[in-house]
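Visitor: A single structure is presented below for examination.
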Amino acid sequence: MARVMPAGARLCSLEFSPANADIARRIWAHAGVADRLTVVVGTLGDGGATIERLRTEFGLTDGAVDFVFVDHDKDAYLPDLERILGERWLHPGSIVVADNVKFPGAPKYRTYLEAREGQNWRTTEHDTHVEYQSLLKDLVLESEYLGDPA
């Protein structure tokens, strides 16, 4: 992703585990893209501490986020999307991609997007398989934010 981002773009990754954040930094340095990527240790569901850091230390402002990749605790998919929307970080045309929506599953997230299809969101479902095998079917959702119709 870092190699195809436009000039001046930044990728910011949230990582719950400090050890995993360290691994990501080492991989990025080895790949020669560390200057364009930032890993922040935290979670959006920590009572606002990470959200505050993203705003103040990393410059996330209204409409500043073009792309979100959701691939963490499946029960947190919808609450985290709601937090992102509450911060107004998305703009019409922002893309949110969610992995593993069918297995292990994020049914509340999927239902939320289905209920808002054509209003706030335009979602495409991509049939796929769980990582590293071909037996368990999975689903990736690619959702374009259309904005708040209100």
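Each chain in the structure tokens gets a letter, A, B, ..., in the order shown, and its residues are numbered from 1; ligands are numbered from 1 in order too.
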Near Ile51 in chain A, within 12 Å and counting only C-alpha atoms, which residues show up once chain neighbours fewer than 4 positions away are dropped, as a compact mmCIF listing (two decimals) with all heavy atoms, in the first residue's frame?

Guide:
# COMPACT_ATOMS: atom_id res chain seq x y z
N LEU A 14 -3.35 1.30 13.62
CA LEU A 14 -3.56 1.11 15.05
C LEU A 14 -3.24 -0.33 15.39
O LEU A 14 -3.68 -1.25 14.70
CB LEU A 14 -5.01 1.38 15.43
CG LEU A 14 -5.47 2.81 15.44
CD1 LEU A 14 -6.91 2.88 15.91
CD2 LEU A 14 -4.59 3.67 16.31
N VAL A 40 0.45 3.26 15.72
CA VAL A 40 0.04 3.84 17.00
C VAL A 40 -0.44 2.69 17.87
O VAL A 40 -1.34 1.94 17.47
CB VAL A 40 -1.08 4.88 16.81
CG1 VAL A 40 -1.55 5.41 18.16
CG2 VAL A 40 -0.62 6.00 15.91
N VAL A 41 0.14 2.55 19.05
CA VAL A 41 -0.32 1.51 19.97
C VAL A 41 -1.54 2.03 20.70
O VAL A 41 -1.50 3.09 21.32
CB VAL A 41 0.79 1.12 20.97
CG1 VAL A 41 0.28 0.09 21.97
CG2 VAL A 41 2.01 0.57 20.22
N GLY A 42 -2.64 1.30 20.56
CA GLY A 42 -3.88 1.70 21.21
C GLY A 42 -5.07 1.05 20.55
O GLY A 42 -4.94 0.17 19.70
N THR A 43 -6.24 1.52 20.93
CA THR A 43 -7.50 1.03 20.37
C THR A 43 -8.52 2.16 20.43
O THR A 43 -8.48 2.99 21.35
CB THR A 43 -8.00 -0.21 21.15
OG1 THR A 43 -9.28 -0.60 20.65
CG2 THR A 43 -8.10 0.04 22.63
N LEU A 44 -9.42 2.21 19.48
CA LEU A 44 -10.42 3.27 19.47
C LEU A 44 -11.38 3.15 20.64
O LEU A 44 -12.02 4.12 21.02
CB LEU A 44 -11.19 3.28 18.15
CG LEU A 44 -10.37 3.61 16.91
CD1 LEU A 44 -11.27 3.61 15.67
CD2 LEU A 44 -9.64 4.93 17.05
N GLY A 45 -11.48 1.96 21.22
CA GLY A 45 -12.41 1.73 22.32
C GLY A 45 -11.82 1.91 23.70
O GLY A 45 -12.31 1.33 24.66
N ASP A 46 -10.79 2.72 23.84
CA ASP A 46 -10.12 2.86 25.14
C ASP A 46 -10.58 4.10 25.91
O ASP A 46 -9.85 4.61 26.76
CB ASP A 46 -8.61 2.87 24.97
CG ASP A 46 -8.09 4.06 24.17
OD1 ASP A 46 -8.89 4.95 23.80
OD2 ASP A 46 -6.87 4.10 23.90
N GLY A 47 -11.76 4.58 25.62
CA GLY A 47 -12.28 5.74 26.36
C GLY A 47 -11.86 7.08 25.80
O GLY A 47 -12.06 8.11 26.44
N ARG A 55 -5.84 12.65 16.89
CA ARG A 55 -6.16 14.04 16.52
C ARG A 55 -4.97 14.97 16.78
O ARG A 55 -4.60 15.75 15.92
CB ARG A 55 -7.39 14.53 17.29
CG ARG A 55 -8.69 14.11 16.65
CD ARG A 55 -9.82 15.05 17.07
NE ARG A 55 -11.03 14.77 16.33
CZ ARG A 55 -11.33 15.34 15.17
NH1 ARG A 55 -10.52 16.18 14.60
NH2 ARG A 55 -12.47 15.04 14.57
N THR A 56 -4.40 14.89 17.98
CA THR A 56 -3.39 15.88 18.36
C THR A 56 -1.99 15.56 17.87
O THR A 56 -1.28 16.44 17.40
CB THR A 56 -3.36 16.07 19.89
OG1 THR A 56 -3.07 14.83 20.52
CG2 THR A 56 -4.68 16.62 20.41
N GLU A 57 -1.59 14.30 17.96
CA GLU A 57 -0.22 13.94 17.58
C GLU A 57 -0.08 13.57 16.11
O GLU A 57 1.00 13.73 15.54
CB GLU A 57 0.26 12.75 18.42
CG GLU A 57 0.44 13.05 19.89
CD GLU A 57 0.88 11.83 20.67
OE1 GLU A 57 1.70 11.04 20.14
OE2 GLU A 57 0.40 11.66 21.80
N PHE A 58 -1.15 13.08 15.52
CA PHE A 58 -1.04 12.56 14.16
C PHE A 58 -1.90 13.30 13.15
O PHE A 58 -1.96 12.93 11.98
CB PHE A 58 -1.33 11.06 14.15
CG PHE A 58 -0.38 10.30 15.04
CD1 PHE A 58 -0.75 9.93 16.32
CD2 PHE A 58 0.90 10.00 14.61
CE1 PHE A 58 0.13 9.26 17.15
CE2 PHE A 58 1.79 9.34 15.43
CZ PHE A 58 1.41 8.96 16.71
N GLY A 59 -2.60 14.34 13.58
CA GLY A 59 -3.27 15.24 12.66
C GLY A 59 -4.55 14.75 12.02
O GLY A 59 -4.96 15.30 11.00
N LEU A 60 -5.20 13.75 12.60
CA LEU A 60 -6.47 13.33 12.03
C LEU A 60 -7.51 14.40 12.32
O LEU A 60 -7.78 14.71 13.48
CB LEU A 60 -6.91 11.97 12.59
CG LEU A 60 -6.49 10.77 11.74
CD1 LEU A 60 -4.99 10.59 11.76
CD2 LEU A 60 -7.21 9.53 12.16
N THR A 61 -8.06 14.96 11.27
CA THR A 61 -9.04 16.03 11.39
C THR A 61 -10.27 15.66 10.59
O THR A 61 -10.31 14.62 9.92
CB THR A 61 -8.46 17.36 10.85
OG1 THR A 61 -8.09 17.16 9.48
CG2 THR A 61 -7.25 17.81 11.64
N ASP A 80 -16.25 0.65 16.40
CA ASP A 80 -15.13 1.46 15.91
C ASP A 80 -15.54 2.28 14.69
O ASP A 80 -15.13 3.44 14.56
CB ASP A 80 -13.92 0.59 15.61
CG ASP A 80 -13.17 0.20 16.88
OD1 ASP A 80 -13.53 0.69 17.99
OD2 ASP A 80 -12.22 -0.60 16.78
N ARG A 83 -17.33 5.17 16.03
CA ARG A 83 -16.40 6.15 16.60
C ARG A 83 -15.75 6.99 15.50
O ARG A 83 -15.61 8.21 15.63
CB ARG A 83 -15.32 5.43 17.42
CG ARG A 83 -15.82 4.86 18.72
CD ARG A 83 -14.72 4.11 19.47
NE ARG A 83 -15.24 3.50 20.67
CZ ARG A 83 -15.53 2.20 20.80
NH1 ARG A 83 -15.32 1.37 19.79
NH2 ARG A 83 -16.01 1.74 21.93
N ILE A 84 -15.34 6.35 14.43
CA ILE A 84 -14.74 7.06 13.29
C ILE A 84 -15.73 8.06 12.71
O ILE A 84 -15.38 9.22 12.42
CB ILE A 84 -14.24 6.06 12.23
CG1 ILE A 84 -13.02 5.28 12.77
CG2 ILE A 84 -13.91 6.75 10.92
CD1 ILE A 84 -12.65 4.06 11.95
N LEU A 85 -16.97 7.62 12.55
CA LEU A 85 -18.00 8.53 12.04
C LEU A 85 -18.25 9.68 13.01
O LEU A 85 -18.41 10.83 12.59
CB LEU A 85 -19.30 7.76 11.78
CG LEU A 85 -19.27 6.80 10.60
CD1 LEU A 85 -20.50 5.90 10.61
CD2 LEU A 85 -19.15 7.55 9.29
N GLY A 86 -18.26 9.38 14.29
CA GLY A 86 -18.47 10.40 15.31
C GLY A 86 -17.37 11.45 15.31
O GLY A 86 -17.62 12.63 15.60
N GLU A 87 -16.17 11.05 14.95
CA GLU A 87 -15.05 11.99 14.85
C GLU A 87 -15.07 12.77 13.54
O GLU A 87 -14.30 13.70 13.37
CB GLU A 87 -13.71 11.24 14.99
CG GLU A 87 -13.47 10.67 16.37
CD GLU A 87 -13.46 11.73 17.45
OE1 GLU A 87 -12.82 12.78 17.28
OE2 GLU A 87 -14.11 11.49 18.49
N ARG A 88 -15.92 12.34 12.61
CA ARG A 88 -16.07 12.98 11.29
C ARG A 88 -14.79 12.91 10.46
O ARG A 88 -14.49 13.82 9.68
CB ARG A 88 -16.57 14.41 11.44
CG ARG A 88 -17.90 14.47 12.13
CD ARG A 88 -18.52 15.81 12.27
NE ARG A 88 -17.65 16.93 11.96
CZ ARG A 88 -17.86 18.17 12.33
NH1 ARG A 88 -18.91 18.46 13.04
NH2 ARG A 88 -17.03 19.13 12.01
N TRP A 89 -14.04 11.82 10.65
CA TRP A 89 -12.79 11.66 9.92
C TRP A 89 -13.01 11.29 8.46
O TRP A 89 -12.13 11.51 7.63
CB TRP A 89 -11.92 10.60 10.59
CG TRP A 89 -11.33 11.03 11.89
CD1 TRP A 89 -11.13 12.31 12.33
CD2 TRP A 89 -10.85 10.18 12.92
NE1 TRP A 89 -10.55 12.30 13.57
CE2 TRP A 89 -10.37 11.01 13.96
CE3 TRP A 89 -10.77 8.81 13.09
CZ2 TRP A 89 -9.82 10.51 15.14
CZ3 TRP A 89 -10.23 8.30 14.26
CH2 TRP A 89 -9.76 9.15 15.27

Visitor: Can you pull out every residue within 10 Å of Asp75 in chain A, counting only C-alpha atoms, but drop anything in the same chain fewer than 5 positions away, and send it as a list in words?

Guide: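 The residues that qualify are Asp80, Gly105, Ala106, Pro107, Lys108 and Tyr109 of chain A.
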
Visitor: Write the residues of the selection above to a file with all heavy atoms, as a PDB file, in the first residue's frame.

Guide:
ATOM      1  N   ASP A  80     -16.249   0.646  16.401  1.00  0.00           N
ATOM      2  CA  ASP A  80     -15.135   1.456  15.909  1.00  0.00           C
ATOM      3  C   ASP A  80     -15.536   2.281  14.693  1.00  0.00           C
ATOM      4  O   ASP A  80     -15.133   3.442  14.562  1.00  0.00           O
ATOM      5  CB  ASP A  80     -13.916   0.589  15.614  1.00  0.00           C
ATOM      6  CG  ASP A  80     -13.174   0.200  16.881  1.00  0.00           C
ATOM      7  OD1 ASP A  80     -13.526   0.687  17.986  1.00  0.00           O
ATOM      8  OD2 ASP A  80     -12.223  -0.597  16.777  1.00  0.00           O
ATOM      9  N   GLY A 105     -16.648 -13.634  11.644  1.00  0.00           N
ATOM     10  CA  GLY A 105     -17.915 -12.943  11.462  1.00  0.00           C
ATOM     11  C   GLY A 105     -18.061 -11.657  12.241  1.00  0.00           C
ATOM     12  O   GLY A 105     -17.600 -11.536  13.367  1.00  0.00           O
ATOM     13  N   ALA A 106     -18.699 -10.696  11.581  1.00  0.00           N
ATOM     14  CA  ALA A 106     -19.053  -9.409  12.186  1.00  0.00           C
ATOM     15  C   ALA A 106     -20.478  -9.081  11.744  1.00  0.00           C
ATOM     16  O   ALA A 106     -20.707  -8.165  10.958  1.00  0.00           O
ATOM     17  CB  ALA A 106     -18.065  -8.328  11.762  1.00  0.00           C
ATOM     18  N   PRO A 107     -21.466  -9.872  12.224  1.00  0.00           N
ATOM     19  CA  PRO A 107     -22.844  -9.718  11.722  1.00  0.00           C
ATOM     20  C   PRO A 107     -23.468  -8.356  12.002  1.00  0.00           C
ATOM     21  O   PRO A 107     -24.213  -7.843  11.160  1.00  0.00           O
ATOM     22  CB  PRO A 107     -23.612 -10.839  12.422  1.00  0.00           C
ATOM     23  CG  PRO A 107     -22.785 -11.218  13.608  1.00  0.00           C
ATOM     24  CD  PRO A 107     -21.363 -10.941  13.215  1.00  0.00           C
ATOM     25  N   LYS A 108     -23.173  -7.745  13.128  1.00  0.00           N
ATOM     26  CA  LYS A 108     -23.754  -6.427  13.426  1.00  0.00           C
ATOM     27  C   LYS A 108     -23.213  -5.367  12.468  1.00  0.00           C
ATOM     28  O   LYS A 108     -23.948  -4.479  12.035  1.00  0.00           O
ATOM     29  CB  LYS A 108     -23.473  -6.036  14.876  1.00  0.00           C
ATOM     30  CG  LYS A 108     -24.233  -6.876  15.876  1.00  0.00           C
ATOM     31  CD  LYS A 108     -23.909  -6.476  17.294  1.00  0.00           C
ATOM     32  CE  LYS A 108     -24.614  -7.385  18.285  1.00  0.00           C
ATOM     33  NZ  LYS A 108     -24.241  -7.078  19.668  1.00  0.00           N
ATOM     34  N   TYR A 109     -21.950  -5.469  12.133  1.00  0.00           N
ATOM     35  CA  TYR A 109     -21.326  -4.549  11.180  1.00  0.00           C
ATOM     36  C   TYR A 109     -22.002  -4.685   9.818  1.00  0.00           C
ATOM     37  O   TYR A 109     -22.396  -3.693   9.201  1.00  0.00           O
ATOM     38  CB  TYR A 109     -19.832  -4.861  11.089  1.00  0.00           C
ATOM     39  CG  TYR A 109     -19.060  -4.010  10.118  1.00  0.00           C
ATOM     40  CD1 TYR A 109     -18.545  -2.788  10.508  1.00  0.00           C
ATOM     41  CD2 TYR A 109     -18.827  -4.441   8.812  1.00  0.00           C
ATOM     42  CE1 TYR A 109     -17.819  -1.999   9.619  1.00  0.00           C
ATOM     43  CE2 TYR A 109     -18.109  -3.658   7.920  1.00  0.00           C
ATOM     44  CZ  TYR A 109     -17.614  -2.446   8.327  1.00  0.00           C
ATOM     45  OH  TYR A 109     -16.904  -1.679   7.453  1.00  0.00           O
TER      46      TYR A 109
END

Visitor: Near Met1 in chain A, counting only C-alpha atoms, which residues have an atom at most 12 Å away, once you skip same-chain residues fewer than 2 positions from it, shown as a list in words?

Guide: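 Here the answer would be Arg3, Val4, Met5, Pro6, Ala9, Arg10, Leu11, Cys12, Ser13, Trp28, Ala31, Val33, Ala34, Arg36, Leu37, Phe67 and Phe69 of chain A.
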
Visitor: From the set A:Leu113, A:Leu135, A:Ala64, A:Glu15, which residue has the shortest atom-to-atom contact distance to Thr50 in chain A, counting only C-alpha atoms?

Guide: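 When distances to Thr50 in chain A are compared using only C-alpha atoms, the smallest one comes from A:Glu15.
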
Visitor: Enumerate, as a PyMOL selection string, the complete set of residues in range 1-141 of chain A that a backbone-based DSSP assignment places in strand (DSSP E).

Guide: chain A and resi 11-15+37-41+65-70+90-98+121-129+137-141

Visitor: Would you write out those residues with C-alpha atoms, as an mmCIF file, in the first residue's frame?

Guide:
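Result file follows (out20.cif):
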data_model
loop_
_atom_site.group_PDB
_atom_site.id
_atom_site.type_symbol
_atom_site.label_atom_id
_atom_site.label_comp_id
_atom_site.auth_asym_id
_atom_site.auth_seq_id
_atom_site.Cartn_x
_atom_site.Cartn_y
_atom_site.Cartn_z
ATOM 1 C CA LEU A 11 -0.706 5.469 6.426
ATOM 2 C CA CYS A 12 -1.490 5.206 10.120
ATOM 3 C CA SER A 13 -2.023 1.760 11.637
ATOM 4 C CA LEU A 14 -3.557 1.109 15.048
ATOM 5 C CA GLU A 15 -2.116 -1.864 16.879
ATOM 6 C CA LEU A 37 3.882 4.729 7.763
ATOM 7 C CA THR A 38 3.053 5.202 11.417
ATOM 8 C CA VAL A 39 1.921 2.635 13.941
ATOM 9 C CA VAL A 40 0.044 3.837 17.002
ATOM 10 C CA VAL A 41 -0.317 1.508 19.969
ATOM 11 C CA VAL A 65 -9.255 9.840 6.202
ATOM 12 C CA ASP A 66 -9.487 8.388 2.702
ATOM 13 C CA PHE A 67 -9.182 4.687 3.530
ATOM 14 C CA VAL A 68 -9.818 2.439 6.537
ATOM 15 C CA PHE A 69 -8.949 -1.259 6.695
ATOM 16 C CA VAL A 70 -10.806 -3.053 9.488
ATOM 17 C CA LEU A 90 -14.426 10.298 6.754
ATOM 18 C CA HIS A 91 -15.518 12.319 3.746
ATOM 19 C CA PRO A 92 -17.795 11.357 0.850
ATOM 20 C CA GLY A 93 -15.715 8.917 -1.185
ATOM 21 C CA SER A 94 -13.774 7.479 1.771
ATOM 22 C CA ILE A 95 -13.459 3.698 1.517
ATOM 23 C CA VAL A 96 -13.777 1.258 4.421
ATOM 24 C CA VAL A 97 -12.715 -2.347 3.809
ATOM 25 C CA ALA A 98 -13.574 -4.980 6.403
ATOM 26 C CA TRP A 121 -22.948 3.798 2.255
ATOM 27 C CA ARG A 122 -22.508 1.896 -0.995
ATOM 28 C CA THR A 123 -21.165 -1.561 -0.182
ATOM 29 C CA THR A 124 -19.785 -4.299 -2.406
ATOM 30 C CA GLU A 125 -19.440 -7.785 -0.960
ATOM 31 C CA HIS A 126 -16.452 -9.811 -2.117
ATOM 32 C CA ASP A 127 -16.622 -13.571 -1.650
ATOM 33 C CA THR A 128 -13.302 -14.955 -0.495
ATOM 34 C CA HIS A 129 -11.817 -17.582 1.792
ATOM 35 C CA LYS A 137 -15.674 -19.246 2.889
ATOM 36 C CA ASP A 138 -15.351 -15.672 4.052
ATOM 37 C CA LEU A 139 -16.514 -12.239 3.027
ATOM 38 C CA VAL A 140 -14.776 -8.893 2.598
ATOM 39 C CA LEU A 141 -16.911 -5.754 2.534
#

Visitor: For a test of reading the model, state the distance in Å between CA of Ser17 in chain A and CA of Leu54 in chain A, rounded to one decimal.

Guide: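 Separation between CA of Ser17 in chain A and CA of Leu54 in chain A: 16.8 Å.
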
Visitor: Can you tell me, as a ChimeraX atom specification, what residues are no more than 6 Å from Asn120 in chain A when counting only C-alpha atoms, ignoring any on the same chain fewer than 5 positions away?

Guide: /A:145-148

Visitor: For N, CA, C and O atoms, I'd like the residues from the last selection saved as a PDB file, in the first residue's frame.

Guide:
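File written: part-v2.pdb
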ATOM      1  N   TYR A 145     -18.178   5.552   1.673  1.00  0.00           N
ATOM      2  CA  TYR A 145     -18.982   6.469   2.482  1.00  0.00           C
ATOM      3  C   TYR A 145     -19.568   7.534   1.569  1.00  0.00           C
ATOM      4  O   TYR A 145     -18.846   8.208   0.833  1.00  0.00           O
ATOM      5  N   LEU A 146     -20.877   7.676   1.617  1.00  0.00           N
ATOM      6  CA  LEU A 146     -21.576   8.633   0.757  1.00  0.00           C
ATOM      7  C   LEU A 146     -21.822   9.958   1.459  1.00  0.00           C
ATOM      8  O   LEU A 146     -22.258  10.920   0.827  1.00  0.00           O
ATOM      9  N   GLY A 147     -21.564   9.996   2.750  1.00  0.00           N
ATOM     10  CA  GLY A 147     -21.812  11.202   3.532  1.00  0.00           C
ATOM     11  C   GLY A 147     -23.068  11.061   4.359  1.00  0.00           C
ATOM     12  O   GLY A 147     -23.799  10.082   4.265  1.00  0.00           O
ATOM     13  N   ASP A 148     -23.325  12.047   5.175  1.00  0.00           N
ATOM     14  CA  ASP A 148     -24.488  12.058   6.039  1.00  0.00           C
ATOM     15  C   ASP A 148     -25.629  12.757   5.307  1.00  0.00           C
ATOM     16  O   ASP A 148     -25.525  13.944   4.990  1.00  0.00           O
TER      17      ASP A 148
END

Visitor: Between CA of Asp71 in chain A and CA of Gln133 in chain A, what distance in Å does the model show, to one decimal?

Guide: 17.7 Å
